[in-house]
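Colleague: Pasting run-v7.txt here (compact mmCIF, C-alpha atoms and all ligand atoms):
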```txt
# COMPACT_ATOMS: atom_id res chain seq x y z
CA MET A 1 0.00 0.00 0.00
CA ALA A 2 1.40 3.41 -0.95
CA ILE A 3 1.56 5.67 2.10
CA LYS A 4 0.37 9.22 1.36
CA THR A 5 -1.21 10.40 4.59
CA VAL A 6 0.54 10.25 7.97
CA GLY A 7 -0.91 10.78 11.44
CA ILE A 8 1.36 11.56 14.37
CA VAL A 9 0.21 11.48 17.98
CA GLY A 10 2.23 13.78 20.23
CA ALA A 11 3.63 17.17 19.18
CA GLY A 12 6.63 17.16 21.52
CA LEU A 13 10.22 17.29 20.35
CA MET A 14 10.02 13.90 18.60
CA GLY A 15 6.48 14.14 17.22
CA SER A 16 6.99 17.63 15.81
CA GLY A 17 10.35 16.59 14.34
CA ILE A 18 8.74 13.59 12.63
CA ALA A 19 5.90 15.82 11.35
CA GLN A 20 8.39 18.36 9.97
CA THR A 21 10.40 15.65 8.24
CA ALA A 22 7.36 13.91 6.76
CA ALA A 23 5.91 17.20 5.45
CA GLN A 24 9.24 18.08 3.83
CA ALA A 25 9.18 14.68 2.11
CA GLY A 26 5.75 15.44 0.60
CA TYR A 27 3.38 13.64 2.97
CA ASP A 28 0.04 14.99 4.12
CA VAL A 29 0.54 15.18 7.91
CA LEU A 30 -1.99 15.36 10.72
CA LEU A 31 -0.51 16.05 14.16
CA ALA A 32 -2.54 15.33 17.29
CA GLU A 33 -2.14 16.64 20.84
CA VAL A 34 -4.19 16.51 24.01
CA ASN A 35 -4.68 20.28 24.32
CA GLN A 36 -4.42 23.42 22.21
CA GLU A 37 -1.44 24.81 24.11
CA LEU A 38 0.74 21.75 23.42
CA LEU A 39 -0.44 21.61 19.82
CA ASP A 40 0.39 25.28 19.27
CA LYS A 41 3.81 24.76 20.83
CA GLY A 42 4.54 21.84 18.48
CA MET A 43 3.32 23.72 15.40
CA GLN A 44 5.40 26.76 16.39
CA ARG A 45 8.48 24.54 16.71
CA ILE A 46 7.90 23.19 13.18
CA HIS A 47 7.21 26.62 11.65
CA GLY A 48 10.23 28.04 13.51
CA ALA A 49 12.49 25.35 12.00
CA TRP A 50 11.30 26.24 8.48
CA GLN A 51 11.82 29.93 9.18
CA MET A 52 15.36 29.10 10.31
CA LEU A 53 15.97 27.13 7.08
CA VAL A 54 14.62 30.05 5.01
CA GLY A 55 16.96 32.37 6.93
CA LYS A 56 19.89 30.11 6.05
CA GLY A 57 18.86 30.07 2.39
CA LYS A 58 18.33 26.27 2.47
CA VAL A 59 14.61 26.52 1.75
CA THR A 60 12.72 29.18 -0.24
CA GLU A 61 9.72 31.08 1.16
CA ASP A 62 7.54 29.22 -1.38
CA GLN A 63 8.85 25.83 -0.23
CA ALA A 64 8.27 26.74 3.41
CA ALA A 65 4.69 27.78 2.59
CA GLU A 66 4.18 24.48 0.76
CA TYR A 67 5.49 22.50 3.74
CA LYS A 68 3.25 24.46 6.12
CA GLY A 69 0.24 23.60 3.98
CA ARG A 70 0.98 19.92 4.48
CA VAL A 71 0.78 19.89 8.30
CA ARG A 72 -2.49 20.29 10.15
CA GLY A 73 -3.13 19.93 13.85
CA THR A 74 -6.03 18.25 15.63
CA LEU A 75 -7.22 17.54 19.15
CA ASN A 76 -9.49 14.75 17.95
CA LEU A 77 -8.07 11.29 17.23
CA GLN A 78 -11.24 10.44 15.26
CA ASP A 79 -9.65 12.55 12.48
CA PHE A 80 -7.15 9.71 12.01
CA ALA A 81 -9.79 7.61 10.22
CA ASP A 82 -8.26 8.57 6.83
CA ARG A 83 -4.58 8.01 7.74
CA ASP A 84 -2.47 5.48 5.83
CA LEU A 85 0.14 5.34 8.60
CA VAL A 86 0.00 6.47 12.23
CA ILE A 87 3.06 7.08 14.39
CA GLU A 88 2.73 7.33 18.17
CA ALA A 89 5.19 9.73 19.81
CA ILE A 90 3.68 10.35 23.25
CA ILE A 91 5.32 10.06 26.66
CA GLU A 92 7.34 6.93 27.47
CA ASN A 93 4.67 5.32 29.62
CA LEU A 94 3.57 1.83 28.64
CA ASP A 95 0.06 2.08 30.12
CA GLN A 96 -0.62 5.31 28.27
CA LYS A 97 0.78 3.90 25.05
CA LYS A 98 -1.35 0.75 25.36
CA ALA A 99 -4.48 2.85 25.96
CA LEU A 100 -3.63 4.93 22.90
CA PHE A 101 -3.03 1.86 20.71
CA ARG A 102 -6.42 0.45 21.79
CA THR A 103 -8.10 3.72 20.80
CA LEU A 104 -6.22 4.05 17.51
CA ASP A 105 -7.06 0.45 16.60
CA GLY A 106 -10.73 1.43 16.65
CA ILE A 107 -10.16 4.47 14.40
CA VAL A 108 -7.34 3.80 11.92
CA PRO A 109 -8.56 1.67 8.98
CA ALA A 110 -7.98 -2.07 9.40
CA GLY A 111 -4.74 -3.22 7.86
CA HIS A 112 -3.03 0.18 8.12
CA ILE A 113 0.19 0.37 10.12
CA ILE A 114 0.33 1.84 13.62
CA ALA A 115 3.94 2.42 14.69
CA SER A 116 5.52 3.53 17.94
CA ASN A 117 8.45 5.91 18.30
CA THR A 118 9.28 4.39 21.70
CA SER A 119 12.99 4.27 22.47
CA SER A 120 12.88 1.18 24.67
CA LEU A 121 9.39 -0.13 25.54
CA PRO A 122 8.14 -3.50 24.19
CA ILE A 123 6.34 -3.19 20.85
CA MET A 124 4.60 -6.51 21.43
CA GLU A 125 2.76 -5.16 24.48
CA MET A 126 1.32 -2.32 22.39
CA ALA A 127 0.49 -4.66 19.49
CA ALA A 128 -1.26 -7.12 21.81
CA VAL A 129 -4.06 -4.66 22.66
CA THR A 130 -4.92 -4.21 18.96
CA THR A 131 -6.65 -6.45 16.41
CA ARG A 132 -3.73 -6.01 13.96
CA GLU A 133 -0.58 -7.19 15.71
CA ASP A 134 1.08 -7.94 12.35
CA ARG A 135 0.67 -4.25 11.39
CA VAL A 136 2.30 -2.84 14.55
CA ALA A 137 6.03 -2.07 14.68
CA GLY A 138 8.54 0.31 16.21
CA LEU A 139 9.69 3.30 14.17
CA HIS A 140 12.30 4.95 16.34
CA PHE A 141 13.65 8.33 15.25
CA PHE A 142 16.59 10.19 16.78
CA ASN A 143 16.80 13.71 18.13
CA PRO A 144 16.96 16.13 16.32
CA VAL A 145 14.72 14.19 13.92
CA PRO A 146 15.16 16.43 10.85
CA VAL A 147 18.96 16.10 11.15
CA MET A 148 19.72 12.58 12.41
CA LYS A 149 19.87 10.11 9.55
CA LEU A 150 18.91 6.93 11.39
CA VAL A 151 15.55 5.25 11.93
CA GLU A 152 15.32 1.99 13.86
CA ILE A 153 12.50 -0.25 12.64
CA VAL A 154 11.52 -2.65 15.40
CA LYS A 155 10.04 -6.03 14.54
CA SER A 156 8.00 -7.74 17.23
CA ILE A 157 7.43 -11.48 17.13
CA ALA A 158 4.09 -10.71 15.40
CA THR A 159 5.12 -7.94 12.96
CA SER A 160 4.82 -9.10 9.35
CA ASP A 161 7.64 -8.87 6.82
CA GLN A 162 5.31 -6.77 4.67
CA THR A 163 4.99 -4.20 7.48
CA ILE A 164 8.77 -4.00 7.85
CA GLU A 165 9.18 -3.55 4.09
CA GLU A 166 6.60 -0.74 3.97
CA LEU A 167 8.25 1.03 6.91
CA ARG A 168 11.65 0.59 5.30
CA GLN A 169 10.35 2.32 2.16
CA PHE A 170 8.71 5.04 4.23
CA ALA A 171 11.90 5.75 6.24
CA THR A 172 13.95 5.83 3.02
CA SER A 173 11.47 8.26 1.45
CA LEU A 174 12.15 10.61 4.39
CA GLY A 175 15.85 10.59 3.49
CA LYS A 176 16.67 8.35 6.47
CA THR A 177 18.68 5.14 6.65
CA PRO A 178 16.66 2.39 8.34
CA ILE A 179 18.07 -0.47 10.37
CA VAL A 180 15.92 -3.35 11.64
CA ALA A 181 16.10 -4.49 15.26
CA LYS A 182 14.38 -7.17 17.30
CA ASP A 183 11.83 -6.12 19.92
CA THR A 184 14.26 -6.29 22.86
CA ALA A 185 14.62 -3.42 25.33
CA GLY A 186 16.77 -0.59 23.98
CA PHE A 187 16.77 -2.08 20.46
CA VAL A 188 20.22 -1.39 18.94
CA VAL A 189 21.18 2.21 19.70
CA ASN A 190 19.93 2.70 23.25
CA PHE A 191 21.23 -0.71 24.30
CA LEU A 192 24.69 0.75 23.61
CA LEU A 193 24.10 4.46 24.28
CA ILE A 194 22.33 4.23 27.67
CA PRO A 195 25.09 2.31 29.52
CA TYR A 196 27.64 4.72 28.02
CA MET A 197 25.80 7.72 29.48
CA LEU A 198 25.20 5.95 32.81
CA SER A 199 28.92 5.08 33.02
CA ALA A 200 29.78 8.76 32.53
CA ILE A 201 27.52 9.69 35.47
CA ARG A 202 29.17 6.98 37.63
CA MET A 203 32.64 8.27 36.68
CA TYR A 204 31.60 11.75 37.76
CA GLU A 205 29.99 10.42 40.99
CA ASN A 206 33.24 8.58 41.75
CA GLY A 207 35.33 11.71 41.19
CA VAL A 208 37.30 10.31 38.26
CA ALA A 209 37.06 13.59 36.35
CA THR A 210 34.90 16.70 36.01
CA MET A 211 31.86 16.66 33.72
CA GLU A 212 33.63 19.07 31.39
CA ASP A 213 36.73 16.87 31.17
CA ILE A 214 34.67 13.72 30.56
CA ASP A 215 32.84 15.57 27.76
CA THR A 216 36.06 16.93 26.29
CA GLY A 217 37.57 13.44 26.47
CA MET A 218 34.82 11.90 24.37
CA LYS A 219 34.57 14.81 21.93
CA LEU A 220 38.26 15.17 21.22
CA GLY A 221 39.30 11.58 21.90
CA CYS A 222 36.54 9.87 19.96
CA GLY A 223 35.17 12.57 17.66
CA TYR A 224 31.68 12.53 19.18
CA PRO A 225 29.71 15.72 18.43
CA MET A 226 28.66 16.02 22.09
CA GLY A 227 30.13 14.64 25.31
CA PRO A 228 27.92 12.37 27.48
CA PHE A 229 26.74 15.15 29.82
CA GLU A 230 25.84 17.49 26.96
CA LEU A 231 24.02 14.56 25.38
CA LEU A 232 22.21 13.72 28.63
CA ASP A 233 20.91 17.29 28.79
CA TYR A 234 19.99 17.10 25.12
CA VAL A 235 18.20 13.73 25.23
CA GLY A 236 16.53 14.52 28.57
CA LEU A 237 17.42 13.17 32.01
CA ASP A 238 13.90 11.88 32.56
CA THR A 239 13.91 10.15 29.15
CA THR A 240 17.30 8.58 29.92
CA LEU A 241 16.09 7.39 33.33
CA TYR A 242 12.92 5.80 31.87
CA ALA A 243 14.91 4.11 29.11
CA ALA A 244 17.49 2.79 31.62
CA GLU A 245 14.73 1.46 33.90
CA ALA A 246 12.95 -0.22 30.98
CA ILE A 247 16.14 -1.93 29.79
CA TYR A 248 17.22 -2.88 33.33
CA GLN A 249 13.82 -4.43 34.03
CA GLU A 250 14.18 -6.74 31.05
CA TYR A 251 17.95 -7.16 31.20
CA PRO A 252 19.13 -6.76 34.82
CA ASP A 253 22.78 -6.13 34.09
CA PRO A 254 24.32 -3.54 36.50
CA ALA A 255 25.44 -1.52 33.47
CA TYR A 256 21.78 -0.51 32.99
CA ALA A 257 21.00 0.29 36.64
CA PRO A 258 20.31 4.04 36.91
CA PRO A 259 22.94 5.79 39.06
CA THR A 260 21.70 7.60 42.18
CA LEU A 261 22.67 11.02 40.84
CA LEU A 262 20.47 10.54 37.76
CA ARG A 263 17.51 9.59 39.97
CA ARG A 264 18.09 12.59 42.23
CA MET A 265 18.35 14.97 39.27
CA VAL A 266 15.02 13.72 37.89
CA GLN A 267 13.42 13.80 41.37
CA ALA A 268 14.60 17.42 41.59
CA GLY A 269 12.81 18.20 38.31
CA ARG A 270 16.04 18.58 36.34
CA TYR A 271 15.13 17.18 32.95
CA GLY A 272 17.83 18.82 30.84
CA LYS A 273 17.50 21.20 27.90
CA LYS A 274 13.74 20.67 27.63
CA ASN A 275 13.06 22.55 30.89
CA GLY A 276 16.31 24.48 31.19
CA LYS A 277 17.60 22.54 34.21
CA GLY A 278 20.16 19.77 33.92
CA PHE A 279 23.84 18.91 34.24
CA TYR A 280 24.77 22.11 32.39
CA ALA A 281 21.38 23.49 31.40
CA GLY A 282 20.44 26.39 33.63
CA THR A 283 24.00 26.81 34.92
CA ASP A 284 26.77 29.12 33.70
CA LYS A 285 28.44 26.04 32.19
CA ASP A 286 25.74 25.59 29.52
CA PRO A 287 27.82 24.90 26.34
CA SER A 288 25.00 26.06 24.06
CA LYS A 289 25.21 29.51 25.68
CA LYS A 290 28.95 29.90 24.98
N1 LIG B 301 15.36 21.07 10.60
C1 LIG B 301 16.29 21.03 9.64
N2 LIG B 301 17.60 21.23 9.86
C2 LIG B 301 17.98 21.50 11.13
C3 LIG B 301 17.06 21.54 12.20
C4 LIG B 301 15.71 21.33 11.89
N3 LIG B 301 14.75 21.33 12.82
N4 LIG B 301 17.76 21.81 13.34
C5 LIG B 301 19.04 21.92 13.00
N5 LIG B 301 19.18 21.73 11.67
C6 LIG B 301 20.41 21.77 10.89
C7 LIG B 301 21.04 23.15 10.96
O1 LIG B 301 20.46 23.98 9.95
C8 LIG B 301 22.50 22.85 10.70
O2 LIG B 301 22.72 22.74 9.31
P1 LIG B 301 24.06 23.36 8.65
O3 LIG B 301 25.22 22.73 9.39
O4 LIG B 301 23.97 22.93 7.22
O5 LIG B 301 23.96 24.83 8.85
C9 LIG B 301 22.69 21.45 11.29
O6 LIG B 301 21.38 20.91 11.46
C10 LIG B 301 23.40 21.46 12.63
O7 LIG B 301 22.71 22.33 13.53
P2 LIG B 301 23.43 23.41 14.43
O8 LIG B 301 24.43 24.19 13.63
O9 LIG B 301 22.36 24.16 15.13
O10 LIG B 301 24.17 22.59 15.57
P3 LIG B 301 25.47 21.69 15.61
O11 LIG B 301 26.32 21.75 14.40
O12 LIG B 301 26.07 22.04 16.91
O13 LIG B 301 24.83 20.21 15.69
C11 LIG B 301 23.62 18.42 16.62
C12 LIG B 301 23.82 19.92 16.59
C13 LIG B 301 23.16 17.94 15.25
C14 LIG B 301 22.51 18.18 17.64
C15 LIG B 301 24.96 17.72 16.99
O14 LIG B 301 25.49 18.28 18.15
C16 LIG B 301 24.78 16.23 17.23
O15 LIG B 301 24.76 15.45 16.29
N6 LIG B 301 24.68 15.84 18.52
C17 LIG B 301 24.42 14.45 18.90
C18 LIG B 301 22.95 14.17 18.79
C19 LIG B 301 22.62 12.77 19.12
O16 LIG B 301 23.45 11.94 19.49
N7 LIG B 301 21.34 12.47 18.99
C20 LIG B 301 20.83 11.16 19.33
C21 LIG B 301 20.32 11.21 20.70
S1 LIG B 301 19.73 9.64 21.22
C22 LIG B 301 18.14 9.64 20.72
O17 LIG B 301 17.60 10.56 20.20
C23 LIG B 301 17.43 8.36 20.92
C24 LIG B 301 16.82 8.09 22.21
O18 LIG B 301 15.93 7.28 22.19
C25 LIG B 301 17.26 8.63 23.48
```
Can you turn what I pasted into structure tokens?

Modeller:
Amino acid sequence: MAIKTVGIVGAGLMGSGIAQTAAQAGYDVLLAEVNQELLDKGMQRIHGAWQMLVGKGKVTEDQAAEYKGRVRGTLNLQDFADRDLVIEAIIENLDQKKALFRTLDGIVPAGHIIASNTSSLPIMEMAAVTTREDRVAGLHFFNPVPVMKLVEIVKSIATSDQTIEELRQFATSLGKTPIVAKDTAGFVVNFLLIPYMLSAIRMYENGVATMEDIDTGMKLGCGYPMGPFELLDYVGLDTTLYAAEAIYQEYPDPAYAPPTLLRRMVQAGRYGKKNGKGFYAGTDKDPSKK
């Protein structure tokens, strides 16, 4: 089935990034949120990105207007009844995702794919509440979505080969490179990235080096664009904690056990760049302010 219309649930950083990318690739995009304020925020983020690209001369005013015309917002999931593909990008909470999948299953036409952008939760649990488990898969984008080239396609034990093939074509049409992973916690990237970031926090807790020196070590020693603490702020401390807990629950290796400092930071409401409070965010060490 040729995908022409895309529905995205959740207009946060990931959902709005996916919407922006899909609109740029020519898809008709419908973006859903739970209230007008969050929807407006997501739409502003998308329009702001296109304005930035116009400012840089990468996109013309006409192109930006065309892209804008391809993204509409809604507060009503019933509007997803005409969507060829739906991508869930809401908060990383399995109960909420399962409730959403149950609702979407009753709205999105039978046989159409419903995908989850989860970074570490089991796809099979979401598929199991629907009547189309063969048409449910993971479609995991990376932040910032319009820039990062990778998409992980996650195949549960029930996902059909046809679904994987259609998602592979969709990801490629967005200019992304897809990789396929099994439905195990953390998939490919977070299974490697999360313990790396947790190890950096443990090193800092143990006084091995300062945050800045750990970051400089990985940037200049390994050529990473950001050090682990910059990346933690960027990805979100809460997101990292949830991902670590999800992986640790399924794979109780100490490498995935969240360090105390990460828990305390999240308990203190320090979520990173998203709310301006994190390892650097909100301090005079914020590298993005230098
Ligand atoms: N739309 C289109 N283009 C955009 C954009 C947007 N919304 N936002 C930024 N860009 C473009 C900019 O125009 C710029 O292009 P040019 O270089 O051609 O001018 C380019 O992206 C880089 O942007 P900046 O100049 O603002 O910033 P930078 O050079 O410092 O790079 C970065 C920023 C791309 C984020 C880089 O630091 C980086 O790659 N960091 C690592 C990010 C990473 O690891 N992400 C994965 C996180 S893990 C995850 O997401 C999964 C999970 O489940 C936790």

Colleague: List as a PyMOL selection string the protein and nucleic acid residues lying within 9 Å of ligand LIG 301 (chain B), with all atoms listed in the file counted.

Modeller: chain A and resi 14+17+20-21+45-46+48-50+52-53+56+58+117-120+140-148+186+189-190+193-194+224-227+230-232+234-236+239-240+243+288

Colleague: Find, counting all atoms listed in the file, the residue in A:Ser160, A:Gln24, A:Thr60, A:Gln96 that gets nearest to A:Val129.

Modeller: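 Looking only at the distances to A:Val129, the closest residue turns out to be A:Gln96.
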
Colleague: Enter the distance from atom CA of A:Ala89 to atom CA of A:Ala257, in Å, rounded to one decimal.

Modeller: 24.9 Å

Colleague: So which one's closest to A:Leu198, A:Glu92, A:Glu245, A:Asp213, A:Glu165? Using all atoms listed in the file, please.

Modeller: A:Glu245

Colleague: Would you pick out the contacts of A:Tyr67 at 8 Å or less, using only C-alpha atoms, so that residues sharing its chain but fewer than 4 positions from it are not included, and give the list as a PyMOL selection string?

Modeller: chain A and resi 23-24+26+63+71

Colleague: Taking all atoms listed in the file into account, name the residue in A:Ala137, A:Ala32, A:Val54, A:Met197 that is nearest to A:Val6.

Modeller: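 Nearest to A:Val6: A:Ala32.
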
Colleague: Excluding A:Lys289 and its own-chain neighbours fewer than 6 positions away, which residues fall within 12 Å of it when counting only C-alpha atoms? Please give them as a CSV table (one decimal) with C-alpha atoms, in the coordinates of the input.

Modeller:
```csv
chain,number,residue,atom,x,y,z
A,273,LYS,CA,17.5,21.2,27.9
A,276,GLY,CA,16.3,24.5,31.2
A,280,TYR,CA,24.8,22.1,32.4
A,281,ALA,CA,21.4,23.5,31.4
A,282,GLY,CA,20.4,26.4,33.6
A,283,THR,CA,24.0,26.8,34.9
```

Colleague: As an exercise, work out the distance from atom CA of A:Ala19 to atom CA of A:Gly269 in Å and give it to one decimal place.

Modeller: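 Taking atom CA of A:Ala19 and atom CA of A:Gly269, their separation equals 27.9 Å.
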
Colleague: Report, as JSON, the centre and edge lengths in Å (one decimal) of the axis-aligned box enclosing every listed atom of stretch 90-103 of chain A, padded by 3 Å on each side.

Modeller:
```
{"center_x": -0.4, "center_y": 5.4, "center_z": 25.4, "size_x": 21.4, "size_y": 15.9, "size_z": 15.4}
```

Colleague: Calculate how many Å separate atom CA of A:Lys285 from atom CA of A:Leu241, rounding to one decimal.

Modeller: 22.4 Å

Colleague: Please list as a list in words every residue within 12 Å of A:Val266, counting all atoms listed in the file and excluding residues in the same chain fewer than 2 positions away.

Modeller: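 Listed by chain and then number, they are Leu232, Asp233, Gly236, Leu237, Asp238, Thr239, Thr240, Leu241, Tyr242, Pro258, Pro259, Thr260, Leu261, Leu262, Arg263, Arg264, Ala268, Gly269, Arg270, Tyr271, Gly272, Asn275, Lys277, Gly278 and Phe279 of chain A.
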
Colleague: So which residues are close to (16.4, 7.3, 10.3), meaning at most 9 Å away in the file's coordinates with all atoms listed in the file counted, and can you show them as a list in words?

Modeller: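 Collected hits near the coordinates: Leu139, His140, Phe141, Phe142, Val145, Met148, Lys149, Leu150, Val151, Glu152, Ile153, Ala171, Thr172, Leu174, Gly175, Lys176, Thr177, Pro178 and Ile179 of chain A.
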
Colleague: Could you give me, as a PyMOL selection string, the residues within 10 Å of A:Ile113, counting all atoms listed in the file and dropping anything in the same chain fewer than 4 positions from it?

Modeller: chain A and resi 3+83-87+105+108-109+132-137+163-164+166-167

Colleague: Of the candidates A:Asn35, A:Thr131, A:Thr5, A:Thr159, which one gets nearest to A:Ala81 if we count only C-alpha atoms?

Modeller: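 That would be A:Thr5, the residue with the smallest distance to A:Ala81.
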
Colleague: Neighbouring residues of A:Gln36 were defined as those with any atom within 12 Å, considering only C-alpha atoms; residues of the same chain fewer than 2 positions away were excluded. Please report them as number ranges by chain.

Modeller: A: 10-11, 31-34, 38-44, 73-76
